[in-house]
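Here the structure is laid out as structure tokens; the discussion comes afterwards.
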Amino acid sequence: MSRTALRNRWNDPSGGLGYHWRARRYRVRLWQPYHARVAQWLAAWQPPCRTLVLVGPSAGYALSDEFIARFAHCVVLEPDPLARWLLKRRLGAARCRFETLDVFDDPAALAALGTRAADTAILFCNVIGQALDADTAPPWRARQHAALVNHHWASWHDCFSSTVAPVALPDADDIARGADASAEVARRLWAGLRCAVVDHGTFGWLPETQHALWHLAPHQWHVVGWGVHRPRST
């Protein structure tokens, strides 16, 4: 069966030229607390694997060299040509291999990702909540969980976003209620504030979930979730 190849995307919801401009402008001033939290998550994630597949990492702004160095091989699925160039400059052409599986638009590509060797870990780099929405996320989530059931994989992803900072982050009770409670959770997080909140369709994506706040731009705030899947045999 032929597969859809990953198309080049210079402007994309999960990256593109606008994102690189924001990174240049806000990475130090606004993003450092969020990147520190992502670094903690990645330091605690210790899959016993030699190969790492990065799905949608952009230029790897949130990925430390120490994290990448833990793996012998790195495979990158990234549609942004500028991001690929920046990542290659940083890691070196011999350090990472760029492939063209389009796991969001092609079910066969997602299934192929799941057939990789057992010592392959897969990391979705803040891309699921951008590539999908509240309508398309649930069916894709079912396919993802089925395809990757035998792999170590993890994801951090946008759950909610708004032009106003929330008054709280999800707590244990919110997480226990799962994806079906996302609308109620969003109302609680922005309780008393007059603003629109975008539900990215990813709340409750994985049962073991933690959350952080990302101040993406002066008037843009994201609640980001982190979760990990481990194969049953480990």
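Residues are referred to by chain and number: the chain letter is A, B, ... according to the order shown in the structure tokens, the number counts from 1 in that chain, and ligands are numbered separately from 1 in the order shown.
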Inset, instruction - Can you check which residues of region 34-206 of chain A DSSP gives as alpha helix (DSSP H) on the backbone and send them as number ranges by chain? - result: A: 34-44, 65-69, 81-91, 107-113, 128-131, 137-147, 172-177, 182-189
Restricting the output to C-alpha atoms, write the selected residues as a JSON list (two decimals), in the first residue's frame.
[["chain", "number", "residue", "atom", "x", "y", "z"],
["A", 34, "TYR", "CA", 8.05, 26.06, 30.38],
["A", 35, "HIS", "CA", 11.21, 24.65, 28.78],
["A", 36, "ALA", "CA", 12.58, 23.90, 32.26],
["A", 37, "ARG", "CA", 9.45, 21.86, 32.99],
["A", 38, "VAL", "CA", 9.76, 19.97, 29.70],
["A", 39, "ALA", "CA", 13.40, 19.22, 30.56],
["A", 40, "GLN", "CA", 12.27, 17.71, 33.87],
["A", 41, "TRP", "CA", 9.75, 15.51, 32.09],
["A", 42, "LEU", "CA", 12.31, 14.30, 29.56],
["A", 43, "ALA", "CA", 14.94, 13.67, 32.24],
["A", 44, "ALA", "CA", 12.48, 11.43, 34.10],
["A", 65, "ASP", "CA", 21.55, 18.06, 23.74],
["A", 66, "GLU", "CA", 21.86, 15.86, 26.85],
["A", 67, "PHE", "CA", 18.49, 14.27, 26.16],
["A", 68, "ILE", "CA", 19.25, 13.54, 22.49],
["A", 69, "ALA", "CA", 22.68, 12.14, 23.42],
["A", 81, "PRO", "CA", 12.08, 22.60, 5.99],
["A", 82, "LEU", "CA", 13.61, 25.43, 8.01],
["A", 83, "ALA", "CA", 13.18, 23.45, 11.23],
["A", 84, "ARG", "CA", 14.88, 20.44, 9.63],
["A", 85, "TRP", "CA", 17.80, 22.63, 8.54],
["A", 86, "LEU", "CA", 18.17, 24.15, 12.02],
["A", 87, "LEU", "CA", 17.97, 20.75, 13.69],
["A", 88, "LYS", "CA", 20.52, 19.26, 11.29],
["A", 89, "ARG", "CA", 22.92, 22.12, 11.97],
["A", 90, "ARG", "CA", 22.60, 21.55, 15.69],
["A", 91, "LEU", "CA", 22.75, 17.75, 15.81],
["A", 107, "PRO", "CA", -3.20, 5.74, 8.85],
["A", 108, "ALA", "CA", -0.76, 3.41, 7.06],
["A", 109, "ALA", "CA", 2.14, 5.62, 8.16],
["A", 110, "LEU", "CA", 1.00, 5.52, 11.78],
["A", 111, "ALA", "CA", 0.73, 1.73, 11.58],
["A", 112, "ALA", "CA", 4.24, 1.59, 10.04],
["A", 113, "LEU", "CA", 5.58, 3.61, 12.96],
["A", 128, "ILE", "CA", -0.69, 16.42, 18.65],
["A", 129, "GLY", "CA", -2.72, 19.37, 19.92],
["A", 130, "GLN", "CA", -1.77, 21.38, 16.83],
["A", 131, "ALA", "CA", -2.11, 18.75, 14.12],
["A", 137, "ALA", "CA", -8.30, 13.91, 17.97],
["A", 138, "PRO", "CA", -10.44, 11.07, 19.43],
["A", 139, "PRO", "CA", -10.33, 8.72, 16.39],
["A", 140, "TRP", "CA", -6.64, 9.42, 15.79],
["A", 141, "ARG", "CA", -5.92, 8.77, 19.47],
["A", 142, "ALA", "CA", -7.54, 5.34, 19.20],
["A", 143, "ARG", "CA", -5.39, 4.48, 16.18],
["A", 144, "GLN", "CA", -2.24, 5.82, 17.84],
["A", 145, "HIS", "CA", -2.73, 3.84, 21.04],
["A", 146, "ALA", "CA", -3.43, 0.66, 19.08],
["A", 147, "ALA", "CA", -0.45, 1.12, 16.72],
["A", 172, "ALA", "CA", -5.61, 15.05, 40.28],
["A", 173, "ASP", "CA", -9.42, 15.12, 40.36],
["A", 174, "ASP", "CA", -9.53, 16.70, 36.89],
["A", 175, "ILE", "CA", -7.14, 14.10, 35.51],
["A", 176, "ALA", "CA", -9.13, 11.24, 37.04],
["A", 177, "ARG", "CA", -12.25, 12.43, 35.21],
["A", 182, "SER", "CA", -12.41, 18.58, 29.22],
["A", 183, "ALA", "CA", -15.07, 21.29, 28.88],
["A", 184, "GLU", "CA", -15.73, 21.35, 32.62],
["A", 185, "VAL", "CA", -12.00, 21.37, 33.34],
["A", 186, "ALA", "CA", -11.45, 24.34, 31.01],
["A", 187, "ARG", "CA", -14.24, 26.29, 32.71],
["A", 188, "ARG", "CA", -12.67, 25.64, 36.11],
["A", 189, "LEU", "CA", -9.18, 26.63, 34.98]]
Inset, instruction - Please report, as an NGL selection string, each residue of region 47-220 of chain A to which DSSP assigns strand (DSSP E or B) when run on this structure's backbone. - result: :A and (51-55 or 73-77 or 96-98 or 101 or 120-125 or 152-162 or 197-199 or 209-217 or 220)
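Minimum distance to Leu169 (chain A) across A:Arg22, A:Arg97, A:His152, A:His211 (counting only C-alpha atoms) occurs at A:His211.
CA of Trp21 (chain A) is found 28.9 Å from CA of Arg194 (chain A).
What separates CA of His151 (chain A) from CA of Gln210 (chain A) is a distance of 20.3 Å.
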Find the residues near Thr163 (chain A): any atom within 12 Å, counting only C-alpha atoms, skip ones fewer than 5 places away on the same chain, and give them as a short mmCIF file (atom, residue, chain, number, x, y, z; two decimals) with C-alpha atoms, in the first residue's frame.
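Output saved as result_4.cif:
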data_model
loop_
_atom_site.label_atom_id
_atom_site.label_comp_id
_atom_site.auth_asym_id
_atom_site.auth_seq_id
_atom_site.Cartn_x
_atom_site.Cartn_y
_atom_site.Cartn_z
CA TRP A 190 -10.42 29.99 33.66
CA LEU A 193 -12.31 35.27 33.55
CA ARG A 194 -13.99 36.71 30.47
CA CYS A 195 -12.12 35.09 27.59
CA ALA A 196 -12.39 32.42 24.92
CA VAL A 197 -10.66 29.10 25.58
CA VAL A 198 -9.64 26.70 22.82
CA TRP A 214 3.42 27.85 28.48
CA HIS A 215 3.47 31.63 28.03
CA LEU A 216 3.85 31.40 24.27
CA ALA A 217 3.49 35.11 23.54
CA PRO A 218 2.50 38.19 25.55
CA HIS A 219 -1.19 37.47 24.98
CA GLN A 220 -1.11 33.71 24.38
CA TRP A 221 -1.15 31.07 27.11
CA HIS A 222 -1.24 27.27 26.71
CA VAL A 223 -1.93 24.53 29.22
#
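One finds CA of Ser64 (chain A) at 24.6 Å from CA of Leu148 (chain A).
Nearest residue to Val55 (chain A) among A:Thr136, A:Asn150, A:Thr202, A:Thr100 is A:Thr100, counting only C-alpha atoms.
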Need the shell around Glu99 (chain A): protein/DNA/RNA residues with any atom at most 7 Å away, counting only C-alpha atoms. Skip same-chain ones fewer than 2 positions apart. Format as a PDB file with C-alpha atoms, in the first residue's frame?
ATOM      1  CA  VAL A  75      14.849   9.695  13.427  1.00  0.00           C
ATOM      2  CA  VAL A  76      12.937  12.907  12.746  1.00  0.00           C
ATOM      3  CA  LEU A  77       9.473  13.357  11.228  1.00  0.00           C
ATOM      4  CA  ARG A  97      17.894  10.860   9.897  1.00  0.00           C
ATOM      5  CA  LEU A 101       6.067   9.318   7.251  1.00  0.00           C
TER       6      LEU A 101
END
Name the residues in contact with Arg70 (chain A) at a cut-off of 12 Å, using only C-alpha atoms, excluding same-chain residues fewer than 6 positions from it; report them as a PDB file with N, CA and C atoms, in the first residue's frame.
ATOM      1  N   LEU A  42      11.451  15.132  30.414  1.00  0.00           N
ATOM      2  CA  LEU A  42      12.308  14.301  29.562  1.00  0.00           C
ATOM      3  C   LEU A  42      13.412  13.621  30.362  1.00  0.00           C
ATOM      4  N   ALA A  43      13.923  14.293  31.399  1.00  0.00           N
ATOM      5  CA  ALA A  43      14.945  13.674  32.240  1.00  0.00           C
ATOM      6  C   ALA A  43      14.379  12.471  32.985  1.00  0.00           C
ATOM      7  N   TRP A  45      11.905  10.579  31.885  1.00  0.00           N
ATOM      8  CA  TRP A  45      11.490   9.550  30.927  1.00  0.00           C
ATOM      9  C   TRP A  45      12.734   8.788  30.490  1.00  0.00           C
ATOM     10  N   GLN A  46      12.830   7.532  30.883  1.00  0.00           N
ATOM     11  CA  GLN A  46      14.033   6.734  30.636  1.00  0.00           C
ATOM     12  C   GLN A  46      13.686   5.433  29.912  1.00  0.00           C
ATOM     13  N   PRO A  47      13.196   5.496  28.683  1.00  0.00           N
ATOM     14  CA  PRO A  47      12.899   4.258  27.961  1.00  0.00           C
ATOM     15  C   PRO A  47      14.174   3.481  27.659  1.00  0.00           C
ATOM     16  N   PRO A  48      14.174   2.159  27.794  1.00  0.00           N
ATOM     17  CA  PRO A  48      15.377   1.359  27.542  1.00  0.00           C
ATOM     18  C   PRO A  48      15.568   1.103  26.045  1.00  0.00           C
ATOM     19  N   CYS A  49      15.774   2.174  25.286  1.00  0.00           N
ATOM     20  CA  CYS A  49      15.796   2.095  23.826  1.00  0.00           C
ATOM     21  C   CYS A  49      17.041   2.795  23.278  1.00  0.00           C
ATOM     22  N   ARG A  50      17.510   2.303  22.133  1.00  0.00           N
ATOM     23  CA  ARG A  50      18.676   2.905  21.478  1.00  0.00           C
ATOM     24  C   ARG A  50      18.275   3.920  20.407  1.00  0.00           C
ATOM     25  N   THR A  51      17.085   3.790  19.863  1.00  0.00           N
ATOM     26  CA  THR A  51      16.628   4.668  18.794  1.00  0.00           C
ATOM     27  C   THR A  51      15.481   5.538  19.288  1.00  0.00           C
ATOM     28  N   LEU A  52      15.505   6.797  18.922  1.00  0.00           N
ATOM     29  CA  LEU A  52      14.453   7.745  19.269  1.00  0.00           C
ATOM     30  C   LEU A  52      13.848   8.303  17.990  1.00  0.00           C
ATOM     31  N   LEU A  63      14.273  20.658  23.300  1.00  0.00           N
ATOM     32  CA  LEU A  63      15.035  19.421  23.457  1.00  0.00           C
ATOM     33  C   LEU A  63      16.493  19.744  23.771  1.00  0.00           C
ATOM     34  N   SER A  64      16.986  19.236  24.870  1.00  0.00           N
ATOM     35  CA  SER A  64      18.376  19.492  25.233  1.00  0.00           C
ATOM     36  C   SER A  64      19.306  18.524  24.508  1.00  0.00           C
ATOM     37  N   ARG A  95      23.929  12.533  12.975  1.00  0.00           N
ATOM     38  CA  ARG A  95      23.274  12.280  14.263  1.00  0.00           C
ATOM     39  C   ARG A  95      21.790  12.004  14.120  1.00  0.00           C
ATOM     40  N   ALA A 121      12.009   4.193  20.815  1.00  0.00           N
ATOM     41  CA  ALA A 121      11.118   5.050  21.596  1.00  0.00           C
ATOM     42  C   ALA A 121      10.597   6.168  20.696  1.00  0.00           C
TER      43      ALA A 121
END
Legend entry - Nearest candidate to Phe124 (chain A) (options A:Glu208, A:Asp158, A:Asp199, A:Asp171; using only C-alpha atoms): A:Asp158
